[in-house]
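Okay, data-v5.csv now, which holds CSV, C-alpha atoms:
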chain,number,residue,atom,x,y,z
A,1,MET,CA,-59.8,-141.9,53.9
A,2,SER,CA,-63.5,-141.6,53.4
A,3,THR,CA,-65.0,-138.6,51.5
A,4,GLN,CA,-67.2,-138.0,54.6
A,5,VAL,CA,-65.3,-134.9,55.8
A,6,ASP,CA,-66.8,-132.5,58.3
A,7,THR,CA,-66.9,-128.8,57.6
A,8,ALA,CA,-64.6,-128.1,60.6
A,9,LEU,CA,-61.7,-129.9,58.9
A,10,LEU,CA,-62.3,-128.0,55.6
A,11,GLU,CA,-62.4,-124.8,57.5
A,12,ARG,CA,-59.1,-125.7,59.2
A,13,ALA,CA,-57.5,-126.4,55.8
A,14,VAL,CA,-58.7,-123.1,54.4
A,15,ARG,CA,-57.4,-121.2,57.4
A,16,LEU,CA,-54.0,-122.7,56.7
A,17,ALA,CA,-54.3,-121.8,53.0
A,18,LEU,CA,-54.7,-118.2,54.1
A,19,ARG,CA,-51.1,-118.1,55.1
A,20,ALA,CA,-50.1,-118.2,51.4
A,21,PRO,CA,-48.0,-115.2,50.1
A,22,SER,CA,-49.7,-112.6,47.9
A,23,VAL,CA,-48.8,-109.4,46.1
A,24,HIS,CA,-48.6,-106.6,48.8
A,25,ASN,CA,-50.3,-109.1,51.1
A,26,THR,CA,-53.6,-108.2,49.5
A,27,GLN,CA,-54.9,-111.8,49.9
A,28,PRO,CA,-57.0,-111.5,46.7
A,29,TRP,CA,-59.0,-114.7,47.2
A,30,ARG,CA,-62.5,-115.8,48.3
A,31,TRP,CA,-63.5,-119.3,49.2
A,32,ARG,CA,-66.8,-121.3,49.2
A,33,LEU,CA,-67.2,-124.4,51.3
A,34,ARG,CA,-69.5,-127.1,50.1
A,35,ARG,CA,-70.0,-130.7,51.1
A,36,ALA,CA,-66.6,-132.4,50.6
A,37,GLU,CA,-65.3,-129.6,48.4
A,38,VAL,CA,-63.8,-126.1,48.5
A,39,GLU,CA,-64.0,-123.5,45.7
A,40,LEU,CA,-61.4,-120.9,45.2
A,41,HIS,CA,-62.4,-117.6,43.6
A,42,ALA,CA,-60.5,-114.4,42.7
A,43,ASP,CA,-61.5,-111.3,44.7
A,44,PRO,CA,-61.7,-108.5,42.1
A,45,ALA,CA,-62.0,-105.9,44.8
A,46,ARG,CA,-58.3,-106.6,45.8
A,47,HIS,CA,-56.9,-106.4,42.3
A,48,LEU,CA,-54.2,-103.7,42.0
A,49,PRO,CA,-54.6,-102.2,38.5
A,50,GLY,CA,-51.7,-99.8,38.8
A,51,THR,CA,-49.2,-102.5,40.0
A,52,ASP,CA,-50.7,-105.5,38.2
A,53,PRO,CA,-52.7,-104.4,35.1
A,54,ASP,CA,-53.0,-107.9,33.6
A,55,ARG,CA,-53.9,-109.7,36.8
A,56,ARG,CA,-50.7,-111.8,36.7
A,57,ASP,CA,-49.9,-111.1,40.4
A,58,LEU,CA,-53.4,-111.8,41.5
A,59,LEU,CA,-53.6,-115.1,39.7
A,60,ILE,CA,-50.1,-116.2,41.0
A,61,SER,CA,-51.2,-115.2,44.5
A,62,CYS,CA,-54.4,-117.3,44.2
A,63,GLY,CA,-52.4,-120.2,42.8
A,64,ALA,CA,-50.1,-120.1,45.8
A,65,ALA,CA,-53.2,-120.2,48.1
A,66,LEU,CA,-54.5,-123.2,46.1
A,67,HIS,CA,-51.3,-125.1,46.7
A,68,HIS,CA,-51.3,-124.2,50.3
A,69,LEU,CA,-54.8,-125.8,50.5
A,70,ARG,CA,-53.5,-128.9,48.8
A,71,VAL,CA,-50.7,-129.1,51.4
A,72,ALA,CA,-53.1,-128.4,54.3
A,73,LEU,CA,-55.5,-131.1,53.2
A,74,ALA,CA,-52.7,-133.7,52.7
A,75,GLY,CA,-51.2,-132.8,56.0
A,76,LEU,CA,-54.6,-133.4,57.7
A,77,GLY,CA,-54.7,-136.8,56.1
A,78,VAL,CA,-57.2,-136.0,53.3
A,79,ALA,CA,-56.8,-137.0,49.7
A,80,ALA,CA,-58.1,-134.4,47.1
A,81,GLU,CA,-58.3,-133.8,43.4
A,82,VAL,CA,-58.3,-130.3,41.9
A,83,ASP,CA,-60.3,-129.1,38.9
A,84,VAL,CA,-58.7,-125.9,37.6
A,85,LEU,CA,-60.9,-123.3,35.9
A,86,PRO,CA,-64.0,-125.5,36.1
A,87,ASP,CA,-66.5,-123.1,34.6
A,88,PRO,CA,-65.5,-121.3,31.4
A,89,GLU,CA,-68.4,-118.8,31.9
A,90,LYS,CA,-67.1,-117.8,35.4
A,91,SER,CA,-63.6,-116.6,35.0
A,92,GLY,CA,-63.4,-115.7,38.7
A,93,HIS,CA,-63.9,-119.3,39.7
A,94,LEU,CA,-60.3,-120.5,39.6
A,95,ALA,CA,-60.5,-124.0,41.1
A,96,THR,CA,-62.6,-126.6,42.9
A,97,VAL,CA,-60.8,-128.9,45.3
A,98,ARG,CA,-62.8,-132.1,46.0
A,99,VAL,CA,-62.1,-134.6,48.8
A,100,VAL,CA,-61.8,-138.1,47.4
A,101,ASP,CA,-61.1,-141.6,48.8
A,102,GLY,CA,-57.5,-142.8,49.0
A,103,PRO,CA,-54.2,-141.9,50.6
A,104,PRO,CA,-53.2,-138.2,50.8
A,105,ASP,CA,-50.5,-136.8,48.6
A,106,ARG,CA,-47.2,-137.7,50.4
A,107,SER,CA,-45.2,-135.1,48.6
A,108,ALA,CA,-47.6,-132.3,49.7
A,109,ALA,CA,-48.0,-133.7,53.2
A,110,ALA,CA,-44.3,-133.5,53.7
A,111,LEU,CA,-44.6,-129.7,53.4
A,112,PHE,CA,-47.4,-129.3,55.9
A,113,GLY,CA,-45.2,-128.2,58.8
A,114,GLN,CA,-43.7,-125.4,56.7
A,115,ILE,CA,-46.9,-123.4,56.3
A,116,ALA,CA,-46.6,-121.8,59.7
A,117,ARG,CA,-42.8,-121.4,59.4
A,118,ARG,CA,-42.6,-119.8,56.0
A,119,HIS,CA,-42.2,-116.0,56.0
A,120,THR,CA,-41.0,-113.6,53.3
A,121,ASP,CA,-37.5,-112.5,54.4
A,122,ARG,CA,-36.5,-109.2,52.9
A,123,ARG,CA,-33.3,-108.9,54.9
A,124,ARG,CA,-29.8,-109.5,53.5
A,125,TYR,CA,-28.7,-113.1,53.3
A,126,SER,CA,-25.5,-114.9,54.2
A,127,ALA,CA,-22.5,-114.6,51.9
A,128,GLU,CA,-22.5,-118.4,51.6
A,129,PRO,CA,-24.0,-119.4,48.3
A,130,VAL,CA,-27.1,-121.7,48.1
A,131,PRO,CA,-25.9,-125.3,47.7
A,132,ALA,CA,-26.4,-126.7,44.2
A,133,ALA,CA,-28.4,-129.7,45.5
A,134,ARG,CA,-30.9,-127.5,47.2
A,135,LEU,CA,-31.4,-125.5,44.0
A,136,ALA,CA,-31.9,-128.7,42.0
A,137,ALA,CA,-34.6,-129.8,44.4
A,138,LEU,CA,-36.4,-126.5,44.0
A,139,VAL,CA,-36.2,-126.8,40.2
A,140,ASP,CA,-37.8,-130.3,40.6
A,141,ARG,CA,-40.6,-128.9,42.8
A,142,ALA,CA,-41.5,-126.3,40.1
A,143,ARG,CA,-41.3,-128.9,37.3
A,144,GLY,CA,-44.1,-130.9,39.0
A,145,PHE,CA,-46.5,-128.1,38.1
A,146,GLY,CA,-45.3,-127.7,34.5
A,147,VAL,CA,-43.2,-124.7,35.4
A,148,VAL,CA,-39.6,-124.2,34.5
A,149,ALA,CA,-37.3,-122.7,37.1
A,150,TYR,CA,-34.1,-121.0,36.0
A,151,PRO,CA,-31.5,-120.5,38.8
A,152,VAL,CA,-29.4,-117.4,38.0
A,153,THR,CA,-26.0,-118.5,39.2
A,154,ASP,CA,-23.7,-117.3,36.4
A,155,PRO,CA,-22.2,-113.9,37.4
A,156,GLY,CA,-22.6,-112.4,33.9
A,157,VAL,CA,-26.3,-113.4,33.7
A,158,LEU,CA,-26.9,-112.2,37.2
A,159,GLN,CA,-25.4,-108.8,36.3
A,160,ARG,CA,-27.7,-108.5,33.3
A,161,MET,CA,-30.6,-109.7,35.4
A,162,ASN,CA,-30.0,-107.0,38.0
A,163,GLU,CA,-30.0,-104.4,35.2
A,164,VAL,CA,-33.5,-105.6,34.2
A,165,LEU,CA,-34.7,-105.5,37.8
A,166,ARG,CA,-33.4,-102.0,38.2
A,167,LEU,CA,-35.2,-101.0,35.0
A,168,ALA,CA,-38.4,-102.4,36.3
A,169,ALA,CA,-38.0,-100.6,39.7
A,170,ARG,CA,-37.3,-97.3,38.0
A,171,GLU,CA,-39.9,-97.4,35.3
A,172,GLN,CA,-42.8,-98.7,37.3
A,173,ARG,CA,-42.8,-95.6,39.5
A,174,HIS,CA,-44.2,-93.7,36.5
A,175,GLU,CA,-47.1,-96.1,36.0
A,176,PRO,CA,-50.4,-94.4,36.8
A,177,GLY,CA,-51.7,-95.6,40.2
A,178,TYR,CA,-48.6,-97.6,41.2
A,179,LEU,CA,-47.3,-95.3,43.9
A,180,ALA,CA,-50.7,-94.7,45.3
A,181,GLU,CA,-51.2,-98.5,45.7
A,182,LEU,CA,-47.8,-98.9,47.2
A,183,LEU,CA,-48.7,-96.2,49.8
A,184,ILE,CA,-52.1,-97.7,50.6
A,185,TRP,CA,-50.8,-101.3,51.2
A,186,THR,CA,-47.8,-100.3,53.2
A,187,HIS,CA,-49.6,-97.8,55.4
A,188,ARG,CA,-52.6,-99.8,56.7
A,189,TYR,CA,-54.6,-98.7,59.6
A,190,ALA,CA,-53.9,-100.1,63.1
A,191,ASP,CA,-54.9,-103.8,63.6
A,192,ALA,CA,-55.3,-104.3,59.8
A,193,HIS,CA,-55.4,-107.9,58.6
A,194,ASP,CA,-53.7,-107.3,55.3
A,195,GLY,CA,-50.9,-105.2,53.7
A,196,VAL,CA,-47.2,-105.1,54.4
A,197,PRO,CA,-46.4,-103.9,57.9
A,198,ARG,CA,-43.3,-102.0,58.7
A,199,VAL,CA,-42.1,-104.8,61.0
A,200,ALA,CA,-41.7,-107.0,57.8
A,201,VAL,CA,-39.5,-104.5,56.0
A,202,PRO,CA,-35.9,-103.9,56.8
A,203,VAL,CA,-34.6,-100.6,58.1
A,204,ARG,CA,-32.7,-98.7,55.3
A,205,THR,CA,-29.1,-98.4,56.6
A,206,GLY,CA,-27.2,-97.4,53.5
A,207,GLN,CA,-25.0,-100.5,53.8
A,208,TRP,CA,-27.3,-102.8,51.8
A,209,ASP,CA,-30.1,-100.8,50.2
A,210,VAL,CA,-30.8,-102.3,46.8
A,211,PRO,CA,-33.9,-100.7,45.3
A,212,HIS,CA,-34.5,-103.4,42.8
A,213,LEU,CA,-34.7,-106.0,45.5
A,214,GLN,CA,-36.7,-103.9,48.0
A,215,ARG,CA,-39.5,-101.7,46.7
A,216,PHE,CA,-41.2,-101.0,50.0
A,217,PRO,CA,-40.5,-97.9,52.1
A,218,SER,CA,-38.1,-98.3,55.0
A,219,GLY,CA,-39.4,-100.4,57.8
A,220,THR,CA,-38.4,-101.3,61.4
A,221,LEU,CA,-37.0,-104.8,60.8
A,222,ALA,CA,-33.3,-105.1,61.7
A,223,PRO,CA,-31.5,-105.9,58.5
A,224,GLY,CA,-28.8,-108.1,60.0
A,225,ARG,CA,-25.1,-107.5,60.7
A,226,ASP,CA,-22.9,-106.9,57.6
A,227,LEU,CA,-20.9,-110.1,57.0
A,228,GLY,CA,-19.8,-109.4,53.5
A,229,PRO,CA,-21.5,-109.7,50.1
A,230,ASP,CA,-25.0,-111.1,50.0
A,231,GLY,CA,-25.0,-114.7,48.6
A,232,GLY,CA,-28.6,-114.8,47.7
A,233,THR,CA,-29.7,-116.5,44.4
A,234,LEU,CA,-32.4,-115.5,42.0
A,235,LEU,CA,-34.8,-118.2,40.7
A,236,VAL,CA,-37.0,-117.3,37.8
A,237,LEU,CA,-40.2,-119.3,37.3
A,238,ALA,CA,-41.5,-119.3,33.7
A,239,THR,CA,-44.1,-121.1,31.6
A,240,ALA,CA,-44.5,-122.0,27.9
A,241,GLU,CA,-47.8,-120.1,27.7
A,242,ASP,CA,-49.0,-116.9,29.4
A,243,ASP,CA,-52.7,-117.7,30.1
A,244,THR,CA,-54.7,-117.9,33.2
A,245,ALA,CA,-53.9,-121.6,33.8
A,246,SER,CA,-50.2,-121.0,33.4
A,247,ARG,CA,-50.3,-118.2,36.0
A,248,LEU,CA,-52.2,-120.4,38.4
A,249,ALA,CA,-49.7,-123.2,37.9
A,250,THR,CA,-46.9,-120.7,38.6
A,251,GLY,CA,-48.6,-119.8,41.8
A,252,GLU,CA,-48.7,-123.4,42.8
A,253,ALA,CA,-45.1,-123.9,41.9
A,254,THR,CA,-44.2,-120.7,43.8
A,255,SER,CA,-45.8,-122.1,46.9
A,256,ALA,CA,-44.1,-125.5,46.5
A,257,VAL,CA,-40.7,-123.8,46.0
A,258,LEU,CA,-41.2,-121.5,49.0
A,259,LEU,CA,-42.3,-124.3,51.4
A,260,HIS,CA,-39.6,-126.7,50.3
A,261,ALA,CA,-37.0,-123.9,50.6
A,262,THR,CA,-38.2,-123.3,54.2
A,263,ARG,CA,-38.0,-127.0,54.9
A,264,VAL,CA,-34.3,-127.1,53.9
A,265,GLY,CA,-33.3,-124.0,55.8
A,266,LEU,CA,-33.4,-121.3,53.1
A,267,ALA,CA,-34.8,-117.8,53.4
A,268,THR,CA,-37.1,-116.6,50.6
A,269,ALA,CA,-38.6,-113.5,49.1
A,270,PRO,CA,-40.8,-113.4,46.0
A,271,LEU,CA,-40.0,-110.4,43.6
A,272,SER,CA,-43.1,-109.8,41.5
A,273,GLN,CA,-42.0,-106.3,40.4
A,274,ALA,CA,-39.6,-107.9,37.8
A,275,VAL,CA,-42.5,-109.2,35.7
A,276,GLU,CA,-45.1,-106.5,36.1
A,277,LEU,CA,-44.0,-104.4,33.1
A,278,PRO,CA,-44.0,-105.9,29.5
A,279,LEU,CA,-40.6,-104.4,28.7
A,280,ALA,CA,-39.0,-106.0,31.8
A,281,ARG,CA,-40.5,-109.4,30.9
A,282,LYS,CA,-39.2,-109.1,27.4
A,283,ARG,CA,-35.7,-108.3,28.6
A,284,LEU,CA,-35.8,-111.2,31.2
A,285,ARG,CA,-36.5,-113.6,28.3
A,286,ALA,CA,-33.5,-112.2,26.5
A,287,VAL,CA,-31.3,-112.5,29.5
A,288,LEU,CA,-32.3,-116.1,30.2
A,289,GLY,CA,-32.1,-117.0,26.5
A,290,THR,CA,-35.5,-118.6,26.5
A,291,PRO,CA,-38.9,-118.3,24.7
A,292,ASP,CA,-40.7,-119.1,28.0
A,293,GLN,CA,-42.7,-116.5,29.7
A,294,PRO,CA,-41.2,-115.2,33.0
A,295,GLN,CA,-43.9,-115.2,35.6
A,296,ILE,CA,-42.2,-114.4,38.9
A,297,VAL,CA,-38.7,-114.1,40.5
A,298,ILE,CA,-37.8,-115.7,43.8
A,299,ARG,CA,-34.9,-114.5,45.8
A,300,LEU,CA,-33.5,-117.2,48.1
A,301,GLY,CA,-30.4,-117.7,50.3
A,302,LEU,CA,-29.0,-118.9,53.6
A,303,PRO,CA,-30.2,-116.7,56.4
A,304,LEU,CA,-27.6,-114.8,58.5
A,305,PRO,CA,-26.6,-116.9,61.5
A,306,GLU,CA,-27.8,-114.3,64.0
A,307,ALA,CA,-31.0,-113.4,62.2
A,308,PRO,CA,-33.9,-113.4,64.6
A,309,PRO,CA,-37.2,-115.1,63.7
A,310,LEU,CA,-39.7,-113.2,61.6
A,311,ALA,CA,-43.1,-112.2,62.9
A,312,PRO,CA,-46.1,-113.5,60.9
A,313,THR,CA,-47.7,-110.9,58.7
A,314,PRO,CA,-51.4,-110.3,59.2
A,315,ARG,CA,-54.1,-112.4,57.6
A,316,ARG,CA,-57.8,-111.8,57.2
A,317,PRO,CA,-60.1,-114.0,59.3
A,318,LEU,CA,-61.8,-116.9,57.7
A,319,ALA,CA,-65.3,-115.2,58.0
A,320,SER,CA,-64.0,-112.3,55.8
A,321,VAL,CA,-63.1,-114.5,52.9
A,322,LEU,CA,-65.9,-117.0,52.8
A,323,LEU,CA,-68.6,-116.8,50.2
A,324,ARG,CA,-72.1,-118.1,51.0
A,325,PRO,CA,-72.9,-121.6,49.7
As structure tokens - that is how I would like this structure written.
Amino acid sequence: MSTQVDTALLERAVRLALRAPSVHNTQPWRWRLRRAEVELHADPARHLPGTDPDRRDLLISCGAALHHLRVALAGLGVAAEVDVLPDPEKSGHLATVRVVDGPPDRSAAALFGQIARRHTDRRRYSAEPVPAARLAALVDRARGFGVVAYPVTDPGVLQRMNEVLRLAAREQRHEPGYLAELLIWTHRYADAHDGVPRVAVPVRTGQWDVPHLQRFPSGTLAPGRDLGPDGGTLLVLATAEDDTASRLATGEATSAVLLHATRVGLATAPLSQAVELPLARKRLRAVLGTPDQPQIVIRLGLPLPEAPPLAPTPRRPLASVLLRP
């Protein structure tokens, strides 16, 4: 298609990109619209220093929004090219997405319909394991961004993995500022456009309360009827390096995995807590037997048959996240 794209189309694409997942639903991004291009910037005011001291979560969140934008543009029939970290002197300018002539990315366009359908599902999952073919497809999606995805399917590895997650959940509570940030972002004011609302967090029933898989206070979401053991699988995304570009790529891979998982009928929930402490990341590498840098863990599984649809979590309006040209 021609590079003559009106602002209304770019605005529509950015609105769809705002549906991307982010740590504590902080939505730590800002956008600038120019003629035939969109700039993505980090929003330092939404960085969580107690939870995310090295900005890993912030950058992965922004990378997820960047991929959502790619998908939105492709789904709207627009071809685009992405320049990551275009200005070495402006570390907050994470990417510039330019409209170009040519056909849209078919692989990205195929995920367009999943943007509105994807929601983080913190409830228990079905006892039925995730089919191997679906896991393999998710691994391929991550590989497209230079990110290695490790499905944790071996029972012994899973047990050691859960020990690491429990360590992270226990130790992080002692990090300065962590509990205050958790309180702030789970107890937002009425009609807030960010944060994790109680309707998105399961009720604590005592039947399936796993602290290392659920760090938010008890909510109001029905957890689902107990049908036996939870068959959810953990997928660890890792990169060879641990720099800004690698974290952004992880965010894009995370978005691609989540959207494709939604497309094939899987429920998903990112678990960033597992990588927010250096000791936990070190132990994750040992458990996985890899020199790669763990960046995020994604829990996925088949939803319970009777699980009702999830309500969308709030998002900031476009006017609140746009920078002046």
Looking at all atoms listed in the file, which of A:Ala274, A:Gly251, A:Pro325, A:Gly224 is the one that sits closest to A:Arg35? A:Pro325
Determine, for each residue of stretch 78-181 of chain A having at least one atom at most 12 Å from an atom of stretch 306-311 of chain A, the closest pair of atoms and their separation in Å to one decimal, counting only C-alpha atoms; order by chain and ascending number, as a Markdown table.
| residue | atom | partner | partner_atom | distance |
| --- | --- | --- | --- | --- |
| A:Ala116 | CA | A:Ala311 | CA | 10.7 |
| A:Arg117 | CA | A:Leu310 | CA | 9.0 |
| A:Arg118 | CA | A:Leu310 | CA | 9.1 |
| A:His119 | CA | A:Leu310 | CA | 6.7 |
| A:Thr120 | CA | A:Leu310 | CA | 8.4 |
| A:Asp121 | CA | A:Leu310 | CA | 7.6 |
| A:Arg122 | CA | A:Leu310 | CA | 10.1 |
| A:Arg123 | CA | A:Ala307 | CA | 8.9 |
| A:Arg124 | CA | A:Ala307 | CA | 9.6 |
| A:Tyr125 | CA | A:Ala307 | CA | 9.2 |
| A:Ser126 | CA | A:Ala307 | CA | 9.8 |
Env of A:Thr262: 10 Å cut, atoms = only C-alpha atoms, seq-sep filter 4 positions within chain, self excluded. Answer as number ranges by chain. A: 111, 113-115, 117-119, 256-258, 266-268, 300
Atom CA of A:Ala132 to atom CA of A:Leu284, distance in Å rounded to a single decimal: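 Atom-to-atom, atom CA of A:Ala132 and atom CA of A:Leu284 are spaced 22.3 Å apart.
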Minimum-distance residue to A:Asp101, chosen among A:Ala80, A:Thr244, A:Arg324, A:Thr254 (using only C-alpha atoms):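 Answer, going by the shortest atom-to-atom distance: A:Ala80.
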Let me make sure I understand: among A:Ile298, A:Val199, A:Leu10, A:Leu94, which one has the smallest atom-to-atom distance to A:Leu69 if we use all atoms listed in the file? A:Leu10
Which is closest to A:Leu167 among A:Arg30, A:His24, A:Arg283, A:Arg143, if we use only C-alpha atoms?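 The shortest atom-to-atom distance to A:Leu167 comes from A:Arg283.
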What gap, in Å, lies between atom CA of A:Pro270 and atom CA of A:Leu40?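 According to the coordinates, atom CA of A:Pro270 and atom CA of A:Leu40 are separated by 21.9 Å.
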Write out as a PyMOL selection string each polymer residue whose atoms come within 10 Å of A:Thr220, counting all atoms listed in the file; drop sequence neighbours fewer than 3 positions from it. chain A and resi 197-204+223
Emit the selected residues as a CSV table (one decimal), in the coordinates of the input, including C-alpha atoms.
chain,number,residue,atom,x,y,z
A,197,PRO,CA,-46.4,-103.9,57.9
A,198,ARG,CA,-43.3,-102.0,58.7
A,199,VAL,CA,-42.1,-104.8,61.0
A,200,ALA,CA,-41.7,-107.0,57.8
A,201,VAL,CA,-39.5,-104.5,56.0
A,202,PRO,CA,-35.9,-103.9,56.8
A,203,VAL,CA,-34.6,-100.6,58.1
A,204,ARG,CA,-32.7,-98.7,55.3
A,223,PRO,CA,-31.5,-105.9,58.5
Got a minute to add N, CA and C atoms to stretch 159-186 of chain A and dump it as a compact mmCIF listing (two decimals), keeping the file's coordinate frame?
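Ended up saving to selection-v1.txt:
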# COMPACT_ATOMS: atom_id res chain seq x y z
N GLN A 159 -25.60 -110.20 36.54
CA GLN A 159 -25.40 -108.80 36.30
C GLN A 159 -26.46 -108.21 35.38
N ARG A 160 -26.71 -108.92 34.28
CA ARG A 160 -27.70 -108.50 33.30
C ARG A 160 -29.12 -108.55 33.93
N MET A 161 -29.33 -109.57 34.75
CA MET A 161 -30.60 -109.70 35.40
C MET A 161 -30.85 -108.54 36.38
N ASN A 162 -29.84 -108.15 37.12
CA ASN A 162 -30.00 -107.00 38.00
C ASN A 162 -30.27 -105.72 37.26
N GLU A 163 -29.72 -105.60 36.07
CA GLU A 163 -30.00 -104.40 35.20
C GLU A 163 -31.49 -104.39 34.86
N VAL A 164 -32.06 -105.56 34.56
CA VAL A 164 -33.50 -105.60 34.20
C VAL A 164 -34.33 -105.27 35.46
N LEU A 165 -33.94 -105.78 36.62
CA LEU A 165 -34.70 -105.50 37.80
C LEU A 165 -34.62 -104.00 38.17
N ARG A 166 -33.46 -103.40 37.94
CA ARG A 166 -33.40 -102.00 38.20
C ARG A 166 -34.24 -101.18 37.21
N LEU A 167 -34.29 -101.62 35.96
CA LEU A 167 -35.20 -101.00 35.00
C LEU A 167 -36.62 -101.05 35.45
N ALA A 168 -37.06 -102.24 35.89
CA ALA A 168 -38.40 -102.40 36.30
C ALA A 168 -38.74 -101.49 37.53
N ALA A 169 -37.79 -101.43 38.49
CA ALA A 169 -38.00 -100.60 39.70
C ALA A 169 -38.09 -99.13 39.30
N ARG A 170 -37.28 -98.70 38.35
CA ARG A 170 -37.30 -97.30 38.00
C ARG A 170 -38.51 -96.91 37.14
N GLU A 171 -38.84 -97.74 36.17
CA GLU A 171 -39.90 -97.40 35.30
C GLU A 171 -41.30 -97.54 35.88
N GLN A 172 -41.45 -98.49 36.78
CA GLN A 172 -42.80 -98.70 37.30
C GLN A 172 -43.28 -97.54 38.17
N ARG A 173 -42.37 -96.78 38.70
CA ARG A 173 -42.80 -95.60 39.50
C ARG A 173 -43.55 -94.60 38.69
N HIS A 174 -43.44 -94.68 37.36
CA HIS A 174 -44.20 -93.70 36.50
C HIS A 174 -45.52 -94.29 36.03
N GLU A 175 -45.82 -95.52 36.41
CA GLU A 175 -47.10 -96.10 36.00
C GLU A 175 -48.23 -95.48 36.80
N PRO A 176 -49.32 -95.07 36.13
CA PRO A 176 -50.40 -94.40 36.80
C PRO A 176 -51.00 -95.36 37.93
N GLY A 177 -51.11 -94.83 39.12
CA GLY A 177 -51.70 -95.60 40.20
C GLY A 177 -50.76 -96.41 41.03
N TYR A 178 -49.53 -96.67 40.50
CA TYR A 178 -48.60 -97.60 41.20
C TYR A 178 -48.22 -97.04 42.56
N LEU A 179 -47.74 -95.80 42.62
CA LEU A 179 -47.30 -95.30 43.90
C LEU A 179 -48.40 -95.14 44.90
N ALA A 180 -49.60 -94.83 44.43
CA ALA A 180 -50.70 -94.70 45.30
C ALA A 180 -51.05 -96.09 45.95
N GLU A 181 -51.00 -97.15 45.14
CA GLU A 181 -51.20 -98.50 45.70
C GLU A 181 -50.15 -98.91 46.65
N LEU A 182 -48.91 -98.57 46.33
CA LEU A 182 -47.80 -98.90 47.20
C LEU A 182 -48.02 -98.21 48.59
N LEU A 183 -48.45 -96.96 48.56
CA LEU A 183 -48.70 -96.20 49.80
C LEU A 183 -49.85 -96.84 50.59
N ILE A 184 -50.92 -97.19 49.90
CA ILE A 184 -52.10 -97.70 50.60
C ILE A 184 -51.76 -99.05 51.28
N TRP A 185 -51.02 -99.93 50.62
CA TRP A 185 -50.80 -101.30 51.20
C TRP A 185 -49.60 -101.38 52.08
N THR A 186 -48.85 -100.29 52.23
CA THR A 186 -47.80 -100.30 53.20
C THR A 186 -48.03 -99.33 54.37
